[in-house]
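Structure first, commentary second.
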Amino acid sequence: MDLTFTPQEVAFREEVRAFTADKLPGDVARKILEHRRIEKDDVYRWHRALYEKGWIAPGWPEEYGGIAWNSVQRHIFDEETAAAGAPRLSPFGLSMIGPVLIAFGTDEQKQKYLPEILSGETWWCQGYSEPGSGSDLASLKTRAERKGDKYVVNGQKTWNTHGQWADMIFCLTRTDSSGKKQQGISMLLIDMKTPGIEVRPIITLDGEREINEVWLENVEVSAENLVGEEGKGWTIAKFLLSHERTGIAGVGVSKRELVYLKHIASQEQLNGKPLIEDPVFRDRVVQLEIDLLALEMTVLRVASAERDGKAPGPEASILKIRGSEIQQALTELQMEAIGPYSLPYLPLSWGENWVGQRIGPDYAAPLAARYFNMRKTTIYGGTNEIQRNIISQQVLGL
Amino acid sequence: MDLTFTPQEVAFREEVRAFTADKLPGDVARKILEHRRIEKDDVYRWHRALYEKGWIAPGWPEEYGGIAWNSVQRHIFDEETAAAGAPRLSPFGLSMIGPVLIAFGTDEQKQKYLPEILSGETWWCQGYSEPGSGSDLASLKTRAERKGDKYVVNGQKTWNTHGQWADMIFCLTRTDSSGKKQQGISMLLIDMKTPGIEVRPIITLDGEREINEVWLENVEVSAENLVGEEGKGWTIAKFLLSHERTGIAGVGVSKRELVYLKHIASQEQLNGKPLIEDPVFRDRVVQLEIDLLALEMTVLRVASAERDGKAPGPEASILKIRGSEIQQALTELQMEAIGPYSLPYLPLSWGENWVGQRIGPDYAAPLAARYFNMRKTTIYGGTNEIQRNIISQQVLGL
Amino acid sequence: MDFSLTEEQRLLQDSVERFLEKNYSFELRRSMVDERQSMSEEVWKGFASLGLLGIPFSDEYGGFGGGGVETMLVMEAIGKHLVMEPYLSTVVMAGGLVDIGAADWQKKILLPGIVNGSMLLAFAHYERESRYDLGHVGTRATADGNNWVIDGKKTLVMHAPVAEKLIVSARTQGEAGDRDGVTLFIVECDEENLGGQEYPLFDGTRALELQFNGVRVGPESVIGTINGAMPLIEKVVDRAMAALCAEAVGLMGSLYSMTLEYLKTRQQFGVPIGKFQVLQHRTVDMLINLEEARSLSVLAAGKVDSDNVFERRRAVTAAKAMVGRAGRYVGQEAIQLHGGMGMTDELPVGHYVKRLAAIDVLFGDAAYQRSQFVQLREDAAAAEFVQPRKAWKQL
Amino acid sequence: MDFSLTEEQRLLQDSVERFLEKNYSFELRRSMVDERQSMSEEVWKGFASLGLLGIPFSDEYGGFGGGGVETMLVMEAIGKHLVMEPYLSTVVMAGGLVDIGAADWQKKILLPGIVNGSMLLAFAHYERESRYDLGHVGTRATADGNNWVIDGKKTLVMHAPVAEKLIVSARTQGEAGDRDGVTLFIVECDEENLGGQEYPLFDGTRALELQFNGVRVGPESVIGTINGAMPLIEKVVDRAMAALCAEAVGLMGSLYSMTLEYLKTRQQFGVPIGKFQVLQHRTVDMLINLEEARSLSVLAAGKVDSDNVFERRRAVTAAKAMVGRAGRYVGQEAIQLHGGMGMTDELPVGHYVKRLAAIDVLFGDAAYQRSQFVQLREDAAAAEFVQPRKAWKQL
């Protein structure tokens with residue numbers, strides 16, 4: 001056991017840091033660091049920089065354009081890029097449908113889609129949840145009827161993140177409703193420009209548009225766009241969900257936010273002294289810092305085990321639970337730190353080109369909205385309640 | 001709405017305070033205030049003092065020797081006596097079997113038992129739980145077979161509090177196992193000196209003997225000692241459990257313990273200053289003080305509603321949950337306050353007649369044991385999990 | 001000790017509730033927020049006709065002669081229906097300052113207008129560096145003959161966009177942070193030398209940043225005694241905090257009901273999700289938090305008019321601290337138990353949660369209130385704090 | 001970055017585990033507590049023959065040449081089986097002080113005896129007023145020619161009833177609380193002028209109160225440099241804290257397993273209680289707490305030998321704070337989920353919980369560790385603490 005980074009790991013960190021300092025666009029970093037609004041182009045530019053460097057797909061086999069980083073390297077990469085203010089890459093192509101196509105796709109599908117996922121030319125989104133099928137995903141109802149060499153799809157998807165940016169959607173559909181609900185599910189790849197698809201924004205409680213409903217009405221999809229076998233989509237869906245977990249603990253981002261919290265608390269004054277010197281506030285910051293340190297060590301333990309060949313198991317659920325709780329706690333303390341200046345709500349001021357006056361300190365404007373937005377982290381990707389059910393069944397055997 | 005006490009209530013408080021100052025034995029108060037070991041005689045002397053004053057049974061109808069205090073008066077009485085260090089009266093006669101006999105007993109049973117419950121001549125204990133029947137009380141198995149004018153009882157009871165002090169036990173038994181488990185239960189009154197009864201101590205994790213197992217082997221009980229109808233014991237059991245809740249919030253005791261906590265924290269030093277001046281510790285004390293204030297107000301709201309004729313409802317479960325949590329939190333903070341001097345374990349030093357040296361400050365000795373002992377409060381009287389089930393079903397309708 | 005409402009109070013409670021039930025839908029509120037409105041004139045007229053705008057004032061000025069309890073009843077209903085009207089600013093705060101502090105002739109001019117709904121006021125007090133410190137007044141009023149000239153900035157002045165007049169705190173002596181030396185002035189909003197910037201808070205309330213560039217007012221504008229406004233401000237802010245606690249209880253009650261309803265109707269895995277024990281217990285904990293907050297809100301309402309400052313402040317800071325903690329718990333759980341739906345702007349849930357979060361911040365969050373709770377004990381009863389009721393050592 | 005154990009470490013882990021599984025039952029422990037014993041000679045001999053008593057020492061003295069990780073492996077097994085042996089006192093603390101601080105000739109006399117199990121030592125350091133402050137040494141050693149005369153009291157000296165020698169901290173300069181001026185002495189337990197009172201701690205550990213009434217020792221009794229013992233003491237106490245964290249992880253692991261087993265076997269309402277979702281989720285939270293504690297215990301073990309004091313203290317204080325919080329959660333939940341059975345002396349559960357509670361107190365509870373965690377940041381990296389990695393203002 002050796003808890004220092006190896007010389008190779010240190011060198012890799014230096015390389016990532018130098019690359020990021022060079023290639024991460026400064027305006028994008030600034031938006032991320034200050035929690036301002038992110039546009040597709042912001043993510044795209046960082047995506048392209050990584051693509052050109054050959055670093056875009058560390059989870060993929062090298063033959064498909066991936067790069068063979070072990071899990072400790074991936075942790076270092078996440079930490080360094082997060083600290084510098086890199087935006088989160090869109091996971092739908094790189095972490096979800098890409099690995100699915102590699103595992104289940106036809107050669108034609110691989111050739112057609114994988115290169116453009118890597119290059120960023122094709123942007124994906126997901127069609128999983130439905131209004132009636134949230135935690136109980138397998139109860140989904142969107143129908144796909146086979147007609148000749150096509151499927152005709154009708155139904156409604158929801159909690160679709162950034163569908164307004166996407167070129168393609170991977171969609172779970174029901175091709176057979178005669179058996180158990182897990183049977184008769186099929187995965188289709190659908191062009192977002194196909195007639196009959198409508199993307200309707202869902203505004204979240206922070207007033208932003210991040211998610212959508214996707215309505216499908218007589219949408220015709222070539223049978224070539226079926227992934228794997230008809231009726232076997234549930235297996236693929238589960239495979240995909242297990243891949244969704246990579247980096248789910250969000251340690252890099254939380255470390256950055258902890259530093260930002262301390263920054264804010266060193267600027268804000270309470271009783272004539274910096275808030276960070278208030279023993280009660282400071283104790284809460286320290287509790288959180290220790291929790292985050294524990295999470296980071298847990299991530300590294302899992303990463304180290306994975307590198308040594310152990311498959312990632314249900315402990316990913318622990319990382320999801322604690323990672324999301326810590327992210328939320330950080331937004332709470334940031335909001336508390338700015339006191340009354342969390343109140344003004346000027347969303348235009350978080351975008352680019354804002355020339356108006358701000359109310360209160362510069363860093364205050366987006367923090368309340370971020371607090372509200374981050375409530376999602378214990379809900380999405382399988383609610384924390386579902387995660388606890390998973391651990392209970394798969395680890396505890398209860 | 002008027003949150004000041006009426007002149008009558010103030011006068012009543014003065015009366016209780018004066019009486020207690022006069023009649024509560026000083027050595028008993030000292031034991032209670034310093035958390036030292038309590039013997040039956042300690043409780044008995046206070047019982048007698050109240051009996052002689054006519055204050056022993058505020059919950060009972062006056063025709064049976066009760067006294068018609070309303071619920072606000074009872075709250076005042078509890079608060080004043082607790083603050084002065086009065087021991088908790090044994091509830092098994094006064095709060096449990098007494099009210100049951102008044103509601104369900106025969107005239108003979110009332111005449112025989114009620115006066116001696118009031119006077120303290122007969123001391124009761126309870127035979128409810130069994131090793132296999134805790135939260136699921138109705139699954140109890142202790143058999144009572146009718147033979148002529150007797151029942152013959154065989155089985156085992158557990159979590160019997162202070163059975164070593166008791167003259168009589170009220171016992172739930174199964175007289176019929178053919179129907180649903182709630183049916184065929186009968187309540188019997190049994191003399192603890194009957195052949196075949198054995199009381200075996202259960203030592204708790206604080207090293208003390210407060211609870212017992214009671215083994216019954218061919219115990220013969222006169223059929224006159226059946227309470228209510230044979231097979232209808234479950235109704236009686238539920239009636240009794242609802243009476244067990246009186247004063248369950250423990251506000252008076254917790255207020256006393258809060259004062260004691262502050263006392264300790266003003267004596268203990270941290271970084272050269274009294275611990276109570278440490279902002280982090282103090283913030284936790286204040287949180288608890290506010291929680292306790294909320295609990296007290298909730299008790300008074302319920303008491304005021306009861307006085308106005310509303311029946312006590314499932315909100316008693318809320319009082320039990322929060323009351324027990326606050327009691328536990330107080331013991332935790334008391335133990336934390338004394339720091340390393342919670343470690344020495346000298347149970348003899350909590351008793352009377354200890355002449356040896358103490359390790360650390362005088363108040364330290366029993367605090368760790370009390371912390372461990374008080375873990376029981378979220379378990380007994382229906383675990384807090386069961387209480388939440390009750391609220392969920394009866395209030396929320398889930 | 002009596003928690004029951006008088007017949008008159010019960011009638012008040014019923015009439016507010018009936019009025020809002022009928023006239024204040026979530027859709028009305030949504031459209032007001034979308035259209036950048038602070039209030040609805042119609043609702044305000046309704047409040048006036050129900051007598052709500054005169055609750056704290058004596059009948060001499062057309063008021064109801066009520067106190068903390070009556071205000072609590074109105075505010076709880078306001079919370080329950082997520083009402084945005086400027087009740088707190090105009091009636092509780094500005095009206096309260098006038099009611100307690102102003103001279104009779106001033107009351108005669110100001111209060112009847114408040115009561116009949118024709119006059120809206122706001123209280124301009126907090127400044128950039130105040131955080132939650134009420135005494136941190138840097139805005140200056142300089143004497144110029146009989147007149148006063150006010151210079152400085154005020155921040156987060158709630159409901160000021162619709163106000164006709166402001167009550168402004170300014171320093172007439174000493175330095176920012178001094179308890180003495182603060183004076184209250186009444187200022188017309190259309191003063192030439194008064195600049196402002198309007199914006200919304202995250203709960204939809206509209207507010208102003210104000211700049212006083214030598215605003216000149218006459219001696220008749222002074223409310224209360226010169227240099228001695230702080231006790232008056234503290235008293236009215238305590239009223240405002242007690243009122244906000246009651247509003248929070250109304251909000252929490254609605255969140256609890258909505259969540260319970262959702263648990264009974266939302267189906268997953270073939271059953272209503274309310275059948276899952278974990279969600280049951282967490283809803284129970286929402287209820288417990290609600291009841292704890294209600295208990296201390298009632299205490300604050302009952303004590304806020306007390307002449308005993310220690311008793312008043314103890315009740316109000318405890319209630320506000322509890323509402324902060326319990327409100328956060330109830331709000332976060334309401335979203336979580338609604339799942340994705342809880343995250344949407346469409347459902348009322350999120351809007352209730354935002355208002356609860358705003359209430360926690362206003363006049364100091366839970367941690368701040370706890371520090372004040374200690375402070376006041378140290379100030380008022382140092383001996384009692386460290387000494388047990390019994391002299392333990394002697395026993 | 002590598003978390004895997006070496007082959008040698010894995011063998012060590014296996015052999016301790018196998019030995020304790022076979023030789024250290026809960027019944028053995030219970031009988032030792034009942035008979036007021038600090039330890040079992042047989043078990044201690046077994047430890048010696050497995051090489052455990054030499055873990056931290058170099059092979060020159062018969063040791064194993066191990067570090068924080070090896071100690072962690074032993075201590076976790078000790079926790080798992082609720083072992084009472086004086087490993088922490090003799091090997092980690094007293095042995096550690098000798099190992100780091102003593103002269104070679106002293107090591108040659110002392111260490112082989114520790115390693116072969118023939119010599120037991122204890123570390124007498126804390127005093128009545130210390131609370132958790134390591135520097136609060138009031139016991140004095142006064143020079144008398146070449147000799148030293150020790151006067152004062154030591155408290156809570158764990159395992160001292162079975163020790164042959166004590167390592168005692170005493171002030172040779174300055175005042176209680178000064179960091180400088182503390183010196184370590186080795187003292188025979190059978191010294192005439194040394195009085196003591198024996199008693200148990202609530203976890204069964206036996207301890208002494210000690211009174212030094214002019215205990216005279218020679219110059220050869222000094223361990224390390226005169227007046228300069230504090231860094232040495234701090235280093236060894238950090239080792240002890242890391243060791244206790246590992247023990248706590250072992251304890252928590254056992255509590256988690258026992259609780260899980262109980263949930264699977266205990267039937268109520270016709271099903272194993274593990275079928276109730278609320279109990280499932282709470283057991284998951286026990287597991288999460290266990291894993292968090294394990295992660296930081298591993299970190300502490302990996303950093304406790306570091307020459308970088310900042311890194312070492314940061315890891316150890318974080319781990320101890322986490323173990324305090326997580327240990328309390330796991331302990332309290334283990335009792336609660338066992339219901340009444342969890343309250344009994346009969347089941348091991350309560351005994352594990354008591355040992356966990358004792359560990360929280362030893363060397364400072366969670367709140368104290370958090371205050372130290374801040375302190376060390378302030379001392380060592382004040383700038384970094386308040387400055388973000390990015391110069392935010394400039395962006």
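Ordering of the structure tokens sets the chain letters (A, B, ...), residue numbers begin anew at 1 in every chain, and ligands are numbered from 1 in the order given.
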
- [ ] Report as a ChimeraX atom specification the set of chain A residues whose atoms approach chain C to within 9 Å, with distances computed over only C-alpha atoms.
- [x] /A:132-137,139,159,202-207,268-271,280-281,336,338-346,357,359-360,368-369,372-373,375-376,378-380,383,385

Open item on the list: DSSP on the backbone, strand (DSSP E) only: what residues of stretch 163-251 of chain D does that give? Format it as a ChimeraX atom specification.
Closed with: /D:165-171,182-188,194-200,206-217,222-223

File of the preceding selection, C-alpha atoms, as a compact mmCIF listing (two decimals), in the first residue's frame:
# COMPACT_ATOMS: atom_id res chain seq x y z
CA LYS D 165 7.70 0.14 33.61
CA LEU D 166 6.14 3.47 32.81
CA ILE D 167 7.17 6.14 30.41
CA VAL D 168 6.30 9.37 32.16
CA SER D 169 6.17 12.88 30.79
CA ALA D 170 7.27 15.59 33.20
CA ARG D 171 7.98 19.24 33.02
CA VAL D 182 8.64 18.49 28.60
CA THR D 183 10.93 15.51 29.10
CA LEU D 184 10.25 11.75 29.09
CA PHE D 185 11.48 9.44 31.83
CA ILE D 186 11.33 5.74 32.24
CA VAL D 187 10.18 4.73 35.71
CA GLU D 188 9.85 1.31 37.35
CA LEU D 194 4.86 5.96 43.40
CA GLY D 195 1.25 5.51 44.53
CA GLY D 196 -1.68 4.39 42.44
CA GLN D 197 -5.36 3.58 42.34
CA GLU D 198 -6.66 0.97 39.94
CA TYR D 199 -10.06 1.02 38.27
CA PRO D 200 -11.76 -0.10 35.08
CA ARG D 206 -8.07 -1.24 33.34
CA ALA D 207 -6.28 1.96 34.27
CA LEU D 208 -4.42 3.71 37.06
CA GLU D 209 -4.41 7.07 38.72
CA LEU D 210 -0.79 7.67 39.62
CA GLN D 211 0.82 9.86 42.25
CA PHE D 212 4.53 10.64 42.04
CA ASN D 213 5.74 11.64 45.50
CA GLY D 214 9.37 12.49 44.81
CA VAL D 215 10.22 9.53 42.62
CA ARG D 216 13.97 9.65 42.04
CA VAL D 217 15.44 8.42 38.76
CA VAL D 222 15.74 10.09 30.23
CA ILE D 223 14.25 9.15 26.85

Open item on the list: Residues of chain B were defined as contacting chain A if any atom lay at most 10 Å from it, counting only C-alpha atoms; please report them as a list in words.
Closed with: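 Listed by rising number, the hits are Asp278, Pro279, Val280, Phe281, Arg282, Asp283 and Arg284 of chain B.
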
Restricting it to N, CA and C atoms, dump the selection as a PDB file, in the first residue's frame.
ATOM      1  N   ASP B 278     -17.282  27.817  24.556  1.00  0.00           N
ATOM      2  CA  ASP B 278     -16.806  27.384  23.238  1.00  0.00           C
ATOM      3  C   ASP B 278     -17.967  27.503  22.254  1.00  0.00           C
ATOM      4  N   PRO B 279     -17.814  28.307  21.215  1.00  0.00           N
ATOM      5  CA  PRO B 279     -18.968  28.580  20.344  1.00  0.00           C
ATOM      6  C   PRO B 279     -19.573  27.334  19.704  1.00  0.00           C
ATOM      7  N   VAL B 280     -18.724  26.380  19.362  1.00  0.00           N
ATOM      8  CA  VAL B 280     -19.244  25.192  18.680  1.00  0.00           C
ATOM      9  C   VAL B 280     -20.059  24.340  19.657  1.00  0.00           C
ATOM     10  N   PHE B 281     -19.523  24.132  20.836  1.00  0.00           N
ATOM     11  CA  PHE B 281     -20.265  23.357  21.826  1.00  0.00           C
ATOM     12  C   PHE B 281     -21.559  24.083  22.188  1.00  0.00           C
ATOM     13  N   ARG B 282     -21.423  25.387  22.377  1.00  0.00           N
ATOM     14  CA  ARG B 282     -22.576  26.175  22.790  1.00  0.00           C
ATOM     15  C   ARG B 282     -23.684  26.148  21.746  1.00  0.00           C
ATOM     16  N   ASP B 283     -23.294  26.157  20.480  1.00  0.00           N
ATOM     17  CA  ASP B 283     -24.303  26.108  19.428  1.00  0.00           C
ATOM     18  C   ASP B 283     -25.108  24.816  19.511  1.00  0.00           C
ATOM     19  N   ARG B 284     -24.436  23.748  19.865  1.00  0.00           N
ATOM     20  CA  ARG B 284     -25.161  22.474  19.991  1.00  0.00           C
ATOM     21  C   ARG B 284     -26.095  22.502  21.199  1.00  0.00           C
TER      22      ARG B 284
END

Open item on the list: If DSSP is run on the backbone, what residues of stretch 256-306 of chain B are alpha helix (DSSP H)? A reply as a ChimeraX atom specification would be ideal.
Closed with: /B:256-267,279-306

Task: atom CA of B:Thr161 to atom CA of B:Glu213, straight-line distance in Å - done: 9.0 Å

Task: Residues within 10 Å of D:Ala334, only C-alpha atoms, excluding chain neighbours under 6 positions, as a list in words - done: Met252, Leu255, Tyr256, Ser257, Met258, Thr259, Leu260, Tyr262, Arg282, Thr283, Met286, Arg328, Gly342, Val349, Gly350, Tyr352 and Val353 of chain D

Task: Non-local contacts of stretch 217-226 of chain A (12 Å; only C-alpha atoms; under 4 positions in same chain excluded) as an MDAnalysis selection string - done: chainID A and resid 101 104:110 112:113 142:157 168:173 175 185:199 230:233 236

Open item on the list: For a quick check of understanding, using only C-alpha atoms, which of D:Gln277, D:Glu27, D:Ala242, D:Arg294 has the smallest distance to chain C?
Closed with: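 Ranking D:Gln277, D:Glu27, D:Ala242, D:Arg294 by distance to chain C, first place goes to D:Gln277.
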
- [ ] Compile the contact shell of B:Glu306 as a VMD selection string: residues with an atom at most 12 Å away, counting only C-alpha atoms, same-chain residues fewer than 6 positions apart removed.
- [x] (chain B and resid 69 to 75 246 299 to 300 312 to 313 315 to 316) or (chain C and resid 2 to 4)

Residue selection dump (N, CA and C atoms) as a compact mmCIF listing (two decimals), in the first residue's frame:
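This is the output file selection-v1.txt:
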# COMPACT_ATOMS: atom_id res chain seq x y z
N TRP B 69 -57.02 16.92 38.21
CA TRP B 69 -56.16 17.93 37.61
C TRP B 69 -56.38 17.92 36.10
N ASN B 70 -56.39 19.10 35.52
CA ASN B 70 -56.41 19.10 34.06
C ASN B 70 -54.99 18.89 33.53
N SER B 71 -54.87 18.78 32.22
CA SER B 71 -53.58 18.38 31.67
C SER B 71 -52.52 19.46 31.82
N VAL B 72 -52.93 20.72 31.89
CA VAL B 72 -51.94 21.77 32.13
C VAL B 72 -51.40 21.67 33.56
N GLN B 73 -52.30 21.38 34.48
CA GLN B 73 -51.83 21.18 35.85
C GLN B 73 -50.87 20.00 35.94
N ARG B 74 -51.21 18.95 35.23
CA ARG B 74 -50.32 17.78 35.27
C ARG B 74 -48.95 18.12 34.70
N HIS B 75 -48.94 18.94 33.66
CA HIS B 75 -47.66 19.38 33.10
C HIS B 75 -46.87 20.18 34.14
N THR B 246 -48.69 8.77 29.03
CA THR B 246 -48.77 10.01 29.81
C THR B 246 -47.37 10.51 30.18
N VAL B 299 -46.20 19.81 23.78
CA VAL B 299 -46.88 19.15 24.90
C VAL B 299 -48.00 20.02 25.44
N LEU B 300 -47.70 21.31 25.59
CA LEU B 300 -48.72 22.21 26.14
C LEU B 300 -49.88 22.39 25.16
N PRO B 312 -56.72 12.43 23.47
CA PRO B 312 -55.32 12.34 23.05
C PRO B 312 -55.23 11.42 21.84
N GLY B 313 -54.59 11.87 20.80
CA GLY B 313 -54.54 11.09 19.57
C GLY B 313 -53.14 10.60 19.29
N GLU B 315 -50.79 12.00 18.09
CA GLU B 315 -49.70 12.95 18.30
C GLU B 315 -48.86 12.55 19.50
N ALA B 316 -49.42 11.69 20.39
CA ALA B 316 -48.59 11.16 21.47
C ALA B 316 -47.35 10.48 20.90
N ASP C 2 -53.43 29.08 27.60
CA ASP C 2 -54.59 28.72 26.79
C ASP C 2 -54.26 28.91 25.32
N PHE C 3 -54.32 27.84 24.57
CA PHE C 3 -53.95 27.91 23.16
C PHE C 3 -55.15 28.08 22.24
N SER C 4 -56.33 28.10 22.81
CA SER C 4 -57.48 28.14 21.91
C SER C 4 -57.72 29.56 21.41

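Distances from C:Trp44, C:Phe310, C:Phe57, C:Phe276 to chain D were compared using only C-alpha atoms, and the smallest one belongs to C:Phe276.
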
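Residue neighbourhood of D:Leu20, excluding near-sequence residues (fewer than 3 positions): Gln13, Asp14, Ser15, Val16, Glu17, Asn23, Tyr24, Ser25, Phe26, Leu28, Arg29, Glu42, Val43, Trp44, Gly46, Phe47, Leu50, Val74, Met75, Glu76, Ala77, Ile78, Gly79, Lys80, His81, Leu82, Val83, Met84 and Glu85 of chain D, at 12 Å, using only C-alpha atoms.
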
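Note that atom CA of D:Ile233 and atom CA of D:Arg179 are 10.9 Å apart.
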
Task: Two-atom distance - atom CA of D:Ala300, atom CA of D:Ala319 (Å) - done: 6.3 Å

TODO: Counting only C-alpha atoms, figure out which residue out of C:Arg10, C:His281, C:Leu110, C:Val157 gets nearest to chain D.
DONE: C:His281

Open item on the list: Give me, as number ranges by chain, all polymer residues having an atom no more than 10 Å from C:Gly117, counting only C-alpha atoms and skipping those fewer than 3 positions away in the same chain.
Closed with: C: 41, 44-49, 51-54, 90-91, 111-114, 120

Could those selected residues go to a file with C-alpha atoms, as a JSON list (two decimals), in the first residue's frame?
[["chain", "number", "residue", "atom", "x", "y", "z"],
["C", 41, "GLU", "CA", -54.69, 45.46, -6.49],
["C", 44, "TRP", "CA", -55.24, 44.04, -1.68],
["C", 45, "LYS", "CA", -58.67, 45.62, -1.85],
["C", 46, "GLY", "CA", -60.08, 42.35, -0.61],
["C", 47, "PHE", "CA", -57.64, 42.37, 2.30],
["C", 48, "ALA", "CA", -58.77, 45.89, 3.12],
["C", 49, "SER", "CA", -62.43, 44.99, 3.04],
["C", 51, "GLY", "CA", -60.04, 44.38, 7.77],
["C", 52, "LEU", "CA", -56.71, 42.58, 7.44],
["C", 53, "LEU", "CA", -54.76, 45.75, 6.72],
["C", 54, "GLY", "CA", -55.75, 47.16, 10.09],
["C", 90, "THR", "CA", -46.72, 47.73, 4.61],
["C", 91, "VAL", "CA", -48.74, 46.47, 7.55],
["C", 111, "LEU", "CA", -52.64, 54.69, 9.36],
["C", 112, "PRO", "CA", -56.09, 55.19, 7.85],
["C", 113, "GLY", "CA", -54.53, 55.03, 4.39],
["C", 114, "ILE", "CA", -52.81, 51.77, 5.24],
["C", 120, "LEU", "CA", -48.41, 51.30, 0.54]]

Task: Given only C-alpha atoms as the counted atoms, nearest of D:Lys275, D:Lys154, D:Lys235, D:Arg314 to chain C - done: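 Result for the nearest residue to chain C: D:Lys275.
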